[in-house]
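See below for coords.csv, which holds CSV, C-alpha atoms.
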```csv
chain,number,residue,atom,x,y,z
N,24,MET,CA,22.5,2.1,-13.3
N,25,ALA,CA,24.2,5.4,-13.7
N,26,GLY,CA,22.1,8.5,-12.8
N,27,LEU,CA,19.4,6.9,-10.7
N,28,ARG,CA,16.7,9.4,-9.8
N,29,GLY,CA,14.7,8.9,-6.6
N,30,TYR,CA,11.2,10.1,-5.7
N,31,ARG,CA,10.7,13.2,-3.6
N,32,ARG,CA,10.0,13.1,0.2
N,33,PRO,CA,6.8,14.7,1.6
N,34,ALA,CA,7.1,18.2,3.1
N,35,GLU,CA,6.9,18.3,6.9
N,36,GLY,CA,3.4,17.7,8.2
N,37,THR,CA,1.9,16.7,4.8
N,38,GLN,CA,1.7,13.0,5.7
N,39,PRO,CA,0.4,11.6,8.9
N,40,PRO,CA,2.8,10.6,11.7
N,41,HIS,CA,2.9,6.9,12.5
N,42,LEU,CA,1.9,7.5,16.1
N,43,HIS,CA,-1.3,9.6,16.4
N,44,PRO,CA,-2.7,8.9,19.9
N,45,PRO,CA,-6.3,10.1,19.2
N,46,TYR,CA,-6.4,7.1,16.8
N,47,ARG,CA,-6.1,4.4,19.4
N,48,SER,CA,-5.1,1.6,17.1
N,49,SER,CA,-1.8,3.4,16.4
N,50,LEU,CA,-0.7,3.2,20.1
N,51,LYS,CA,0.5,-0.5,20.0
N,52,ARG,CA,1.3,-0.6,16.3
N,53,ALA,CA,3.3,2.5,15.5
N,54,PRO,CA,7.1,1.9,15.6
N,55,ARG,CA,8.9,3.8,18.4
N,56,GLU,CA,12.4,3.7,16.9
N,57,PRO,CA,13.1,6.5,14.3
N,58,LEU,CA,12.8,5.4,10.7
N,59,VAL,CA,16.1,4.9,9.0
N,60,ARG,CA,16.5,7.4,6.2
N,61,MET,CA,17.7,5.8,2.9
N,62,GLU,CA,18.0,7.0,-0.7
N,63,HIS,CA,16.1,5.1,-3.3
N,64,THR,CA,17.9,2.3,-5.1
N,65,LEU,CA,16.8,0.3,-8.1
N,66,SER,CA,14.6,-1.7,-5.8
N,67,GLU,CA,12.5,1.4,-4.9
N,68,VAL,CA,12.3,3.1,-8.3
N,69,THR,CA,10.9,-0.1,-9.8
N,70,GLY,CA,7.6,-1.7,-8.8
N,71,PRO,CA,4.9,-4.1,-9.9
N,72,VAL,CA,3.4,-3.5,-13.3
N,73,PHE,CA,-0.2,-4.7,-13.8
N,74,GLY,CA,-1.6,-5.1,-17.3
N,75,PRO,CA,-4.3,-6.6,-19.4
N,76,GLU,CA,-4.9,-9.4,-16.8
N,77,VAL,CA,-6.7,-6.9,-14.6
N,78,VAL,CA,-10.4,-7.6,-14.7
N,79,GLU,CA,-12.0,-4.2,-14.6
N,80,ALA,CA,-14.8,-3.8,-12.0
N,81,CYS,CA,-15.9,-0.2,-12.4
N,82,ASP,CA,-19.6,-0.5,-11.7
N,83,LEU,CA,-20.1,-1.3,-8.1
N,84,ALA,CA,-23.7,-0.1,-8.1
N,85,ARG,CA,-25.0,-3.2,-10.1
N,86,GLY,CA,-25.2,-6.4,-8.2
N,87,PRO,CA,-25.9,-10.0,-9.3
N,88,ARG,CA,-29.6,-9.6,-8.9
N,89,GLY,CA,-30.2,-5.9,-9.4
N,90,GLU,CA,-29.2,-2.5,-8.4
N,91,ALA,CA,-27.6,-1.8,-5.1
N,92,LEU,CA,-29.5,0.4,-2.7
N,93,GLY,CA,-28.5,3.9,-2.0
N,94,GLU,CA,-27.6,7.1,-3.8
N,95,ARG,CA,-25.8,6.3,-7.1
N,96,ILE,CA,-22.6,8.4,-7.6
N,97,VAL,CA,-19.8,8.6,-10.1
N,98,VAL,CA,-16.4,8.9,-8.6
N,99,SER,CA,-13.7,9.9,-11.1
N,100,GLY,CA,-10.4,11.7,-11.3
N,101,ARG,CA,-6.8,11.3,-12.3
N,102,VAL,CA,-3.8,9.7,-10.7
N,103,LEU,CA,-0.9,12.2,-11.1
N,104,ASP,CA,2.5,13.0,-9.7
N,105,GLU,CA,3.3,16.2,-8.0
N,106,ASP,CA,4.5,17.7,-11.3
N,107,GLY,CA,1.1,16.9,-12.9
N,108,ARG,CA,2.4,13.9,-15.0
N,109,PRO,CA,-0.3,11.2,-15.3
N,110,ALA,CA,0.3,7.8,-13.8
N,111,ARG,CA,-0.7,5.7,-16.9
N,112,GLY,CA,-2.0,2.2,-16.7
N,113,THR,CA,-1.7,2.1,-13.0
N,114,LEU,CA,-3.9,-0.2,-10.8
N,115,VAL,CA,-6.5,1.5,-8.7
N,116,GLU,CA,-8.4,-0.6,-6.1
N,117,VAL,CA,-11.3,0.7,-4.0
N,118,TRP,CA,-13.4,-0.6,-1.2
N,119,GLN,CA,-16.1,0.9,0.9
N,120,ALA,CA,-19.2,0.4,3.1
N,121,ASN,CA,-22.6,0.1,1.6
N,122,SER,CA,-25.2,2.9,1.9
N,123,ALA,CA,-26.1,1.7,5.4
N,124,GLY,CA,-22.6,2.0,6.6
N,125,ARG,CA,-21.8,-1.8,6.6
N,126,TYR,CA,-18.9,-3.5,5.0
N,127,LEU,CA,-19.1,-7.0,3.4
N,128,HIS,CA,-16.6,-8.3,5.9
N,129,ALA,CA,-16.8,-10.9,8.6
N,130,VAL,CA,-15.2,-8.6,11.2
N,131,ASP,CA,-17.8,-5.8,10.6
N,132,GLN,CA,-20.3,-6.2,13.5
N,133,HIS,CA,-22.2,-2.9,12.9
N,134,ASP,CA,-25.9,-3.6,13.2
N,135,ALA,CA,-26.8,-2.3,9.8
N,136,PRO,CA,-28.1,-4.3,6.8
N,137,LEU,CA,-26.0,-5.9,4.2
N,138,ASP,CA,-27.0,-5.4,0.6
N,139,PRO,CA,-26.9,-8.6,-1.5
N,140,ASN,CA,-26.3,-6.4,-4.6
N,141,PHE,CA,-23.3,-4.5,-3.2
N,142,THR,CA,-19.8,-5.9,-2.5
N,143,GLY,CA,-18.2,-2.4,-2.3
N,144,CYS,CA,-15.0,-3.5,-4.1
N,145,GLY,CA,-13.8,-2.3,-7.4
N,146,GLN,CA,-10.6,-2.1,-9.5
N,147,THR,CA,-9.5,-0.5,-12.7
N,148,LEU,CA,-6.4,0.7,-14.6
N,149,THR,CA,-5.9,4.3,-15.3
N,150,ASP,CA,-5.9,5.4,-19.0
N,151,ASP,CA,-3.2,7.3,-20.8
N,152,ASP,CA,-4.2,10.6,-19.0
N,153,GLY,CA,-4.2,8.9,-15.6
N,154,ARG,CA,-8.0,8.9,-15.5
N,155,TYR,CA,-10.1,6.4,-13.7
N,156,ARG,CA,-13.9,6.2,-13.2
N,157,PHE,CA,-16.2,4.2,-10.9
N,158,VAL,CA,-19.9,4.1,-10.6
N,159,THR,CA,-20.9,3.3,-7.0
N,160,ILE,CA,-23.2,4.1,-4.1
N,161,ARG,CA,-22.6,6.8,-1.7
N,162,PRO,CA,-21.3,5.0,1.4
N,163,GLY,CA,-22.9,5.5,4.8
N,164,ALA,CA,-21.2,6.8,8.0
N,165,TYR,CA,-20.7,4.1,10.6
N,166,PRO,CA,-19.8,3.8,14.3
N,167,TRP,CA,-16.5,2.5,15.5
N,168,ARG,CA,-15.2,2.0,19.0
N,169,ASN,CA,-12.2,4.4,19.0
N,170,HIS,CA,-13.9,6.7,21.6
N,171,PRO,CA,-17.4,7.1,23.0
N,172,ASN,CA,-20.0,7.8,20.2
N,173,ALA,CA,-17.3,7.7,17.5
N,174,TRP,CA,-18.4,7.8,13.9
N,175,ARG,CA,-16.4,7.5,10.7
N,176,PRO,CA,-17.3,10.1,8.1
N,177,ALA,CA,-18.4,8.5,4.8
N,178,HIS,CA,-15.3,7.5,2.8
N,179,ILE,CA,-14.0,5.3,0.1
N,180,HIS,CA,-10.7,3.5,0.4
N,181,PHE,CA,-8.2,3.9,-2.5
N,182,SER,CA,-5.1,1.8,-3.2
N,183,VAL,CA,-2.8,3.1,-5.9
N,184,PHE,CA,0.5,1.8,-7.1
N,185,GLY,CA,2.0,4.5,-9.4
N,186,PRO,CA,5.2,3.8,-11.3
N,187,ALA,CA,7.4,2.5,-8.5
N,188,PHE,CA,7.6,0.9,-5.1
N,189,ALA,CA,8.4,4.4,-3.8
N,190,THR,CA,5.0,5.8,-5.0
N,191,ARG,CA,2.7,3.2,-3.4
N,192,LEU,CA,-0.2,4.9,-1.6
N,193,VAL,CA,-3.3,3.8,0.3
N,194,THR,CA,-5.6,6.5,1.2
N,195,GLN,CA,-9.3,7.4,1.8
N,196,MET,CA,-11.6,9.7,-0.1
N,197,TYR,CA,-14.1,11.8,1.8
N,198,PHE,CA,-17.2,13.8,0.8
N,199,PRO,CA,-17.5,17.6,0.8
N,200,GLY,CA,-19.4,19.2,3.7
N,201,ASP,CA,-19.5,16.1,5.8
N,202,PRO,CA,-20.1,17.3,9.4
N,203,LEU,CA,-18.2,14.3,10.8
N,204,LEU,CA,-14.8,15.3,9.2
N,205,ALA,CA,-14.0,17.7,12.0
N,206,PHE,CA,-14.2,15.0,14.6
N,207,ASP,CA,-12.5,12.1,12.8
N,208,PRO,CA,-9.0,11.2,14.2
N,209,ILE,CA,-8.1,9.4,11.0
N,210,PHE,CA,-9.0,12.2,8.7
N,211,ASN,CA,-7.3,14.7,11.0
N,212,CYS,CA,-4.1,12.8,11.5
N,213,THR,CA,-2.3,14.9,8.9
N,214,ALA,CA,-1.3,18.1,10.5
N,215,ASP,CA,-1.1,20.3,7.4
N,216,GLU,CA,-4.6,21.5,6.5
N,217,THR,CA,-3.8,22.2,2.9
N,218,ALA,CA,-2.6,18.6,2.5
N,219,ARG,CA,-5.5,17.2,4.6
N,220,VAL,CA,-8.2,18.7,2.4
N,221,ARG,CA,-6.8,16.9,-0.6
N,222,LEU,CA,-8.6,13.9,0.8
N,223,VAL,CA,-12.0,15.6,0.3
N,224,SER,CA,-13.5,15.0,-3.1
N,225,ALA,CA,-15.3,17.8,-5.0
N,226,PHE,CA,-18.8,17.8,-6.2
N,227,ASP,CA,-18.6,17.8,-10.0
N,228,TRP,CA,-21.3,18.9,-12.4
N,229,ASP,CA,-19.2,17.7,-15.4
N,230,THR,CA,-19.5,14.1,-14.3
N,231,THR,CA,-23.0,14.4,-12.8
N,232,THR,CA,-25.1,12.2,-15.1
N,233,PRO,CA,-28.6,13.5,-15.8
N,234,GLU,CA,-31.4,11.3,-14.3
N,235,HIS,CA,-28.7,8.9,-13.0
N,236,SER,CA,-26.0,9.9,-10.5
N,237,LEU,CA,-24.1,12.8,-8.9
N,238,GLY,CA,-20.5,13.2,-9.8
N,239,PHE,CA,-17.6,13.5,-7.3
N,240,ARG,CA,-14.0,14.2,-8.5
N,241,PHE,CA,-11.0,12.9,-6.6
N,242,ASP,CA,-7.5,13.3,-7.9
N,243,VAL,CA,-4.7,11.2,-6.3
N,244,VAL,CA,-1.3,12.9,-6.3
N,245,LEU,CA,1.7,10.6,-5.9
N,246,ALA,CA,5.3,11.6,-5.0
N,247,GLY,CA,7.1,13.4,-7.8
N,248,ARG,CA,10.4,12.5,-9.2
N,249,GLU,CA,13.7,14.2,-8.1
N,250,ALA,CA,15.0,16.5,-10.8
N,251,THR,CA,18.5,15.3,-10.6
N,252,PRO,CA,20.1,11.9,-9.9
N,253,TRP,CA,21.4,11.4,-6.3
N,254,GLU,CA,24.3,9.3,-7.4
N,255,ARG,CA,26.2,8.4,-10.5
K,134,MET,CA,8.0,20.5,-4.1
K,135,GLY,CA,5.9,20.1,-7.2
K,136,ALA,CA,3.0,22.3,-8.1
K,137,LEU,CA,0.6,19.7,-6.7
K,138,GLY,CA,1.0,18.5,-3.2
K,139,ALA,CA,1.0,14.7,-2.7
K,140,THR,CA,-2.2,13.1,-1.3
K,141,PRO,CA,-1.8,12.1,2.4
K,142,SER,CA,-1.7,8.4,3.2
K,143,GLN,CA,-4.6,7.0,5.3
K,144,THR,CA,-4.9,3.6,7.1
K,145,VAL,CA,-6.2,0.6,5.3
K,146,GLY,CA,-8.5,0.1,8.3
K,147,PRO,CA,-9.8,-3.3,9.4
K,148,PHE,CA,-11.8,-4.1,6.2
K,149,PHE,CA,-9.3,-4.0,3.5
K,150,SER,CA,-9.5,-7.6,2.5
K,151,CYS,CA,-12.8,-6.8,0.7
K,152,GLY,CA,-10.9,-4.6,-1.7
K,153,LEU,CA,-7.4,-6.1,-1.8
K,154,ALA,CA,-8.0,-9.8,-1.6
K,155,ARG,CA,-8.5,-10.1,-5.3
K,156,ARG,CA,-4.7,-9.7,-5.7
K,157,HIS,CA,-3.6,-11.8,-2.8
K,158,THR,CA,-0.5,-13.5,-4.1
K,159,VAL,CA,1.2,-15.9,-1.6
K,160,GLU,CA,3.0,-18.0,-4.3
K,161,LEU,CA,5.1,-15.5,-6.2
K,162,ALA,CA,6.9,-17.9,-8.5
K,163,PRO,CA,4.8,-20.2,-10.6
K,164,PRO,CA,6.3,-23.6,-11.6
K,165,GLY,CA,9.0,-23.2,-14.1
K,166,VAL,CA,10.4,-19.9,-12.8
K,167,SER,CA,14.1,-20.4,-12.1
K,168,GLY,CA,15.8,-19.9,-8.8
K,169,GLU,CA,16.1,-21.4,-5.4
K,170,ARG,CA,12.7,-22.0,-3.9
K,171,VAL,CA,12.1,-20.5,-0.4
K,172,THR,CA,9.1,-20.5,2.0
K,173,VAL,CA,9.0,-17.6,4.4
K,174,GLU,CA,6.8,-17.9,7.5
K,175,GLY,CA,6.5,-15.5,10.4
K,176,ARG,CA,4.2,-13.3,12.4
K,177,VAL,CA,3.4,-9.6,12.5
K,178,LEU,CA,3.5,-8.6,16.2
K,179,ASP,CA,2.4,-5.5,18.0
K,180,GLY,CA,4.0,-3.7,20.9
K,181,GLU,CA,2.6,-6.2,23.4
K,182,GLY,CA,3.8,-9.2,21.5
K,183,GLN,CA,0.3,-9.9,20.2
K,184,GLY,CA,-0.2,-11.2,16.7
K,185,VAL,CA,-1.7,-8.6,14.3
K,186,PRO,CA,-4.6,-10.3,12.6
K,187,ASP,CA,-5.4,-7.5,10.2
K,188,ALA,CA,-2.0,-6.8,8.6
K,189,LEU,CA,-1.0,-7.1,4.9
K,190,LEU,CA,2.5,-7.5,3.5
K,191,GLU,CA,3.3,-6.4,0.0
K,192,LEU,CA,6.5,-7.8,-1.5
K,193,TRP,CA,8.6,-6.6,-4.4
K,194,GLN,CA,11.7,-8.4,-5.7
K,195,ALA,CA,13.9,-9.1,-8.6
K,196,ASN,CA,14.1,-12.5,-10.3
K,197,ALA,CA,16.9,-15.0,-9.8
K,198,HIS,CA,19.0,-13.2,-12.3
K,199,GLY,CA,18.8,-9.9,-10.4
K,200,ARG,CA,16.4,-8.3,-12.9
K,201,TYR,CA,13.3,-6.4,-12.0
K,202,ALA,CA,10.2,-6.8,-14.3
K,203,HIS,CA,9.9,-3.1,-14.7
K,204,PRO,CA,10.9,-0.7,-17.6
K,205,GLU,CA,13.4,1.2,-15.5
K,206,ASP,CA,15.5,-1.9,-15.0
K,207,THR,CA,17.5,-1.9,-18.2
K,208,GLN,CA,20.2,-4.4,-17.2
K,209,ASP,CA,21.2,-7.0,-19.8
K,210,ARG,CA,19.9,-9.9,-17.7
K,211,PRO,CA,17.1,-12.2,-18.5
K,212,LEU,CA,13.5,-11.5,-17.7
K,213,GLU,CA,11.1,-14.3,-17.0
K,214,PRO,CA,7.6,-13.5,-18.2
K,215,ALA,CA,6.0,-15.8,-15.6
K,216,PHE,CA,7.5,-13.9,-12.7
K,217,ARG,CA,6.2,-10.5,-11.9
K,218,GLY,CA,8.0,-10.2,-8.6
K,219,PHE,CA,5.0,-9.0,-6.6
K,220,GLY,CA,3.4,-10.6,-3.6
K,221,ARG,CA,0.5,-9.6,-1.4
K,222,VAL,CA,0.2,-11.7,1.8
K,223,PRO,CA,-2.4,-11.3,4.5
K,224,THR,CA,-1.9,-12.3,8.1
K,225,ASP,CA,-4.3,-14.8,9.8
K,226,CYS,CA,-6.1,-14.5,13.1
K,227,ASP,CA,-2.8,-15.1,15.0
K,228,GLY,CA,-0.9,-12.6,12.9
K,229,ARG,CA,0.8,-15.4,11.0
K,230,PHE,CA,1.8,-15.2,7.3
K,231,ARG,CA,3.4,-17.5,4.8
K,232,PHE,CA,4.6,-17.1,1.3
K,233,THR,CA,6.7,-18.9,-1.2
K,234,THR,CA,9.0,-17.4,-3.8
K,235,ILE,CA,12.4,-17.7,-5.3
K,236,LYS,CA,15.5,-16.1,-3.9
K,237,PRO,CA,16.2,-13.0,-6.0
K,238,GLY,CA,19.6,-12.4,-7.5
K,239,PRO,CA,21.8,-9.5,-6.3
K,240,VAL,CA,20.8,-6.2,-7.9
K,241,PRO,CA,22.9,-3.0,-8.5
K,242,GLY,CA,23.2,-0.5,-5.7
K,243,PRO,CA,24.7,2.9,-5.2
K,244,GLY,CA,28.3,3.6,-6.2
K,245,GLY,CA,28.4,0.5,-8.4
K,246,VAL,CA,28.3,-1.7,-5.3
K,247,THR,CA,25.9,-4.6,-5.6
K,248,GLN,CA,23.1,-5.0,-3.1
K,249,ALA,CA,22.8,-8.3,-1.3
K,250,PRO,CA,19.7,-10.3,-2.4
K,251,HIS,CA,16.6,-8.9,-0.7
K,252,LEU,CA,12.9,-8.2,-1.0
K,253,VAL,CA,11.4,-4.8,-0.3
K,254,VAL,CA,8.4,-5.0,1.9
K,255,SER,CA,5.4,-2.7,2.7
K,256,VAL,CA,3.4,-3.4,5.8
K,257,PHE,CA,-0.2,-2.2,6.0
K,258,ALA,CA,-2.5,-2.6,9.0
K,259,ARG,CA,-5.3,-1.0,10.9
K,260,GLY,CA,-3.6,1.5,13.1
K,261,LEU,CA,-0.8,2.2,10.6
K,262,GLN,CA,-1.7,5.5,8.9
K,263,ARG,CA,1.2,5.1,6.5
K,264,ARG,CA,2.7,1.9,5.3
K,265,LEU,CA,5.9,0.8,7.0
K,266,VAL,CA,8.7,-0.1,4.6
K,267,THR,CA,11.3,-2.7,5.5
K,268,ARG,CA,13.5,-5.3,3.8
K,269,LEU,CA,14.0,-9.0,4.0
K,270,TYR,CA,17.5,-10.3,3.4
K,271,PHE,CA,18.6,-13.9,3.3
K,272,PRO,CA,20.8,-15.8,5.8
K,273,GLY,CA,24.3,-16.9,4.7
K,274,ASP,CA,24.8,-14.1,2.2
K,275,ALA,CA,27.7,-11.5,2.4
K,276,HIS,CA,25.9,-8.4,3.8
K,277,SER,CA,28.9,-6.3,4.7
K,278,GLY,CA,28.9,-4.1,1.5
K,279,ASP,CA,25.1,-3.6,1.3
K,280,TYR,CA,24.2,0.1,1.1
K,281,VAL,CA,20.9,-0.2,3.0
K,282,LEU,CA,22.2,-2.6,5.8
K,283,GLY,CA,25.1,-0.2,6.2
K,284,LEU,CA,22.7,2.5,7.2
K,285,VAL,CA,21.4,0.4,10.1
K,286,VAL,CA,23.2,0.1,13.5
K,287,PRO,CA,24.7,-3.4,13.7
K,288,GLU,CA,22.6,-4.5,16.7
K,289,ARG,CA,19.4,-3.9,14.7
K,290,ARG,CA,20.4,-5.5,11.4
K,291,PRO,CA,19.3,-9.0,12.4
K,292,THR,CA,15.7,-7.8,12.3
K,293,LEU,CA,16.1,-7.5,8.5
K,294,VAL,CA,17.6,-11.0,7.9
K,295,ALA,CA,15.4,-14.1,7.8
K,296,ARG,CA,16.5,-17.1,9.9
K,297,ARG,CA,16.7,-20.7,8.5
K,298,GLY,CA,13.8,-22.9,9.4
K,299,ASP,CA,13.8,-26.6,9.9
K,300,ALA,CA,12.8,-27.8,6.4
K,301,PRO,CA,14.9,-27.2,3.3
K,302,GLY,CA,14.2,-23.8,1.9
K,303,ALA,CA,12.3,-22.7,5.0
K,304,LEU,CA,12.9,-19.3,6.3
K,305,VAL,CA,11.5,-17.6,9.4
K,306,TRP,CA,11.0,-13.8,9.6
K,307,ASP,CA,8.9,-11.8,12.0
K,308,VAL,CA,7.8,-8.2,11.7
K,309,ILE,CA,7.8,-6.6,15.1
K,310,LEU,CA,5.9,-3.3,14.8
K,311,GLN,CA,7.0,-1.9,18.1
K,312,GLY,CA,9.0,-2.5,21.2
K,313,GLN,CA,11.7,-5.0,22.0
K,314,GLY,CA,13.3,-6.3,18.8
K,315,GLU,CA,11.4,-3.8,16.8
K,316,THR,CA,12.0,-4.4,13.1
K,317,VAL,CA,13.9,-1.7,11.3
K,318,PHE,CA,11.6,0.5,9.1
K,319,PHE,CA,12.9,2.9,6.5
K,320,ASP,CA,12.1,6.5,5.7
K,321,CYS,CA,11.7,5.7,2.0
```

As structure tokens, how would this structure be written, given the file I've shared?
Amino acid sequence: MAGLRGYRRPAEGTQPPHLHPPYRSSLKRAPREPLVRMEHTLSEVTGPVFGPEVVEACDLARGPRGEALGERIVVSGRVLDEDGRPARGTLVEVWQANSAGRYLHAVDQHDAPLDPNFTGCGQTLTDDDGRYRFVTIRPGAYPWRNHPNAWRPAHIHFSVFGPAFATRLVTQMYFPGDPLLAFDPIFNCTADETARVRLVSAFDWDTTTPEHSLGFRFDVVLAGREATPWER
Amino acid sequence: MGALGATPSQTVGPFFSCGLARRHTVELAPPGVSGERVTVEGRVLDGEGQGVPDALLELWQANAHGRYAHPEDTQDRPLEPAFRGFGRVPTDCDGRFRFTTIKPGPVPGPGGVTQAPHLVVSVFARGLQRRLVTRLYFPGDAHSGDYVLGLVVPERRPTLVARRGDAPGALVWDVILQGQGETVFFDC
């Protein structure tokens, strides 16, 4: 494997630290030992490839017995690397609360109604331009017990693979203008503001569908490739 | 730096199974895939030694011939179409996990030195804002020349090597997120 090219590391402050005390769950779970720096090997520049077996589930707004309750939205965008190259045919998985702020999950004890027509889970593969598109319901904010009167801003969880183990990313998409963003320890765990605001989707007329749904655009940018091999 | 900055990671939170369960894969190697069958059992533990009930491991490995099912692995070694090499394994209410797979073959490493057989592992959980990356090596192999193990101080290397369990093919490996015996995690 002559000339193995790794993936780039994030600039300082552009990814969250493991320990972020305002987010209480990190206190007992974040490692205390420093991470051991390693260059990427064949094991990290390869990664799982998902293909035609993926059953697309792009319309979350339509349930078994009818339409889900809430404000219909279209969430779309591209999965790219830092150099703007599309991640083609990569698996995108999403999950979210319903319009009342409740997840379809046994552990979610929030006293808000479930919607029999909304599971909040979707998956798709990006196309040749790295594009994906989901129709869903705008999720509600919900309380959590991180601190007194703590509320999570509305968000959609995204899981993206990209071309390699090294590019694996799980993140959350937020909505523009949400007043809760300023108070959310999870959103604010990334120190660099320029990086942090990449988590906020943009309202998008181009994908807003007349008489149907508002459009929000959210691009996911994965680590780019090193220009030169680190070893020969 | 590229023209676009990378998107920050965010925690999977407590409710990820709703979105990620569809791809749970705890039996990585269907019948017919070649290689030595192993069962790996263990727990994900927090800094107080409590099991982490809402963790998820993702595994990536080569097949028994040491070939990854990925276009960038161009070695002249056999691929096995039934073996993707990917696993996604949730913990239970006590933080326990279990998966079965085949032991991968050795794969090329830096400087032309072969890496010892291993799985690369991502750990996701509520409270982890970024995944943690670690490796699982196998007992009884020669580990002295391995590039990645060589980066780790000797006293912490055992956290990366599974122990033999009681049954044939049984391996035991815990992931200790924090504190005494903390698993080695990589900046990767």

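Proximity to chain N was assessed for K:Thr224, K:Thr247, K:Gln262, K:Thr267 counting only C-alpha atoms; the smallest distance is recorded for K:Gln262.
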
Given a cut-off of 7 Å, which residues of chain K touch chain N, counting only C-alpha atoms, written out as an NGL selection string? :K and (135-145 or 148 or 151-152 or 179-181 or 193 or 203 or 205 or 217-219 or 241-244 or 259-263 or 281 or 310-312 or 318-321)

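In this structure, CA of Tyr155 in chain N sits 24.8 Å away from CA of Arg125 in chain N.
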
Could you state the separation of CA of Gly278 in chain K and CA of Gly245 in chain K in Å, given to one decimal place?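 Spanning CA of Gly278 in chain K to CA of Gly245 in chain K is a straight-line distance of 10.9 Å.
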
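Near (20.6, -1.4, 6.6), the residues inside the 10 Å limit, counting all atoms listed in the file, come to Val59, Arg60 and Met61 of chain N; Thr267, Arg268, Tyr270, His276, Ser277, Asp279, Tyr280, Val281, Leu282, Gly283, Leu284, Val285, Val286, Pro287, Arg289, Arg290, Pro291, Thr292, Leu293, Val317, Phe318 and Phe319 of chain K.
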
Show me the residues around (-25.3, 4.0, 5.1) - criterion: an atom at most 7 Å away, all atoms listed in the file counted - as a VMD selection string. chain N and resid 121 to 125 162 to 164

What does the distance from CA of Val185 in chain K to CA of Val254 in chain K come to in Å, to one decimal?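 Taking CA of Val185 in chain K as the start and CA of Val254 in chain K as the end point, the length is 16.4 Å.
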
What lies within 9 Å of Gly184 in chain K using all atoms listed in the file, ignoring chain neighbours under 4 positions off, as an NGL selection string? :K and (176-179 or 224-229)

Could range 299-312 of chain K be completed with N, CA and C atoms and returned as a PDB file, keeping the file's coordinate frame?
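out-v4.pdb, written as the output of this step:
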```
ATOM      1  N   ASP K 299      13.362 -25.223   9.771  1.00  0.00           N
ATOM      2  CA  ASP K 299      13.800 -26.600   9.900  1.00  0.00           C
ATOM      3  C   ASP K 299      13.828 -27.319   8.520  1.00  0.00           C
ATOM      4  N   ALA K 300      12.856 -27.063   7.678  1.00  0.00           N
ATOM      5  CA  ALA K 300      12.800 -27.800   6.400  1.00  0.00           C
ATOM      6  C   ALA K 300      13.723 -27.109   5.379  1.00  0.00           C
ATOM      7  N   PRO K 301      14.104 -27.856   4.345  1.00  0.00           N
ATOM      8  CA  PRO K 301      14.900 -27.200   3.300  1.00  0.00           C
ATOM      9  C   PRO K 301      14.160 -26.076   2.651  1.00  0.00           C
ATOM     10  N   GLY K 302      14.847 -24.942   2.515  1.00  0.00           N
ATOM     11  CA  GLY K 302      14.200 -23.800   1.900  1.00  0.00           C
ATOM     12  C   GLY K 302      13.302 -22.997   2.803  1.00  0.00           C
ATOM     13  N   ALA K 303      13.159 -23.447   4.039  1.00  0.00           N
ATOM     14  CA  ALA K 303      12.300 -22.700   5.000  1.00  0.00           C
ATOM     15  C   ALA K 303      12.996 -21.591   5.623  1.00  0.00           C
ATOM     16  N   LEU K 304      12.347 -20.444   5.642  1.00  0.00           N
ATOM     17  CA  LEU K 304      12.900 -19.300   6.300  1.00  0.00           C
ATOM     18  C   LEU K 304      11.857 -18.728   7.266  1.00  0.00           C
ATOM     19  N   VAL K 305      12.350 -18.112   8.331  1.00  0.00           N
ATOM     20  CA  VAL K 305      11.500 -17.600   9.400  1.00  0.00           C
ATOM     21  C   VAL K 305      11.817 -16.079   9.505  1.00  0.00           C
ATOM     22  N   TRP K 306      10.798 -15.266   9.480  1.00  0.00           N
ATOM     23  CA  TRP K 306      11.000 -13.800   9.600  1.00  0.00           C
ATOM     24  C   TRP K 306       9.798 -13.165  10.221  1.00  0.00           C
ATOM     25  N   ASP K 307       9.984 -12.520  11.358  1.00  0.00           N
ATOM     26  CA  ASP K 307       8.900 -11.800  12.000  1.00  0.00           C
ATOM     27  C   ASP K 307       8.987 -10.332  11.774  1.00  0.00           C
ATOM     28  N   VAL K 308       7.843  -9.698  11.771  1.00  0.00           N
ATOM     29  CA  VAL K 308       7.800  -8.200  11.700  1.00  0.00           C
ATOM     30  C   VAL K 308       7.270  -7.729  13.012  1.00  0.00           C
ATOM     31  N   ILE K 309       8.161  -7.094  13.773  1.00  0.00           N
ATOM     32  CA  ILE K 309       7.800  -6.600  15.100  1.00  0.00           C
ATOM     33  C   ILE K 309       7.564  -5.083  14.943  1.00  0.00           C
ATOM     34  N   LEU K 310       6.310  -4.684  15.070  1.00  0.00           N
ATOM     35  CA  LEU K 310       5.900  -3.300  14.800  1.00  0.00           C
ATOM     36  C   LEU K 310       6.495  -2.327  15.801  1.00  0.00           C
ATOM     37  N   GLN K 311       6.652  -2.793  17.029  1.00  0.00           N
ATOM     38  CA  GLN K 311       7.000  -1.900  18.100  1.00  0.00           C
ATOM     39  C   GLN K 311       7.584  -2.624  19.287  1.00  0.00           C
ATOM     40  N   GLY K 312       8.512  -1.955  19.967  1.00  0.00           N
ATOM     41  CA  GLY K 312       9.000  -2.500  21.200  1.00  0.00           C
ATOM     42  C   GLY K 312      10.281  -3.327  21.045  1.00  0.00           C
TER      43      GLY K 312
END
```
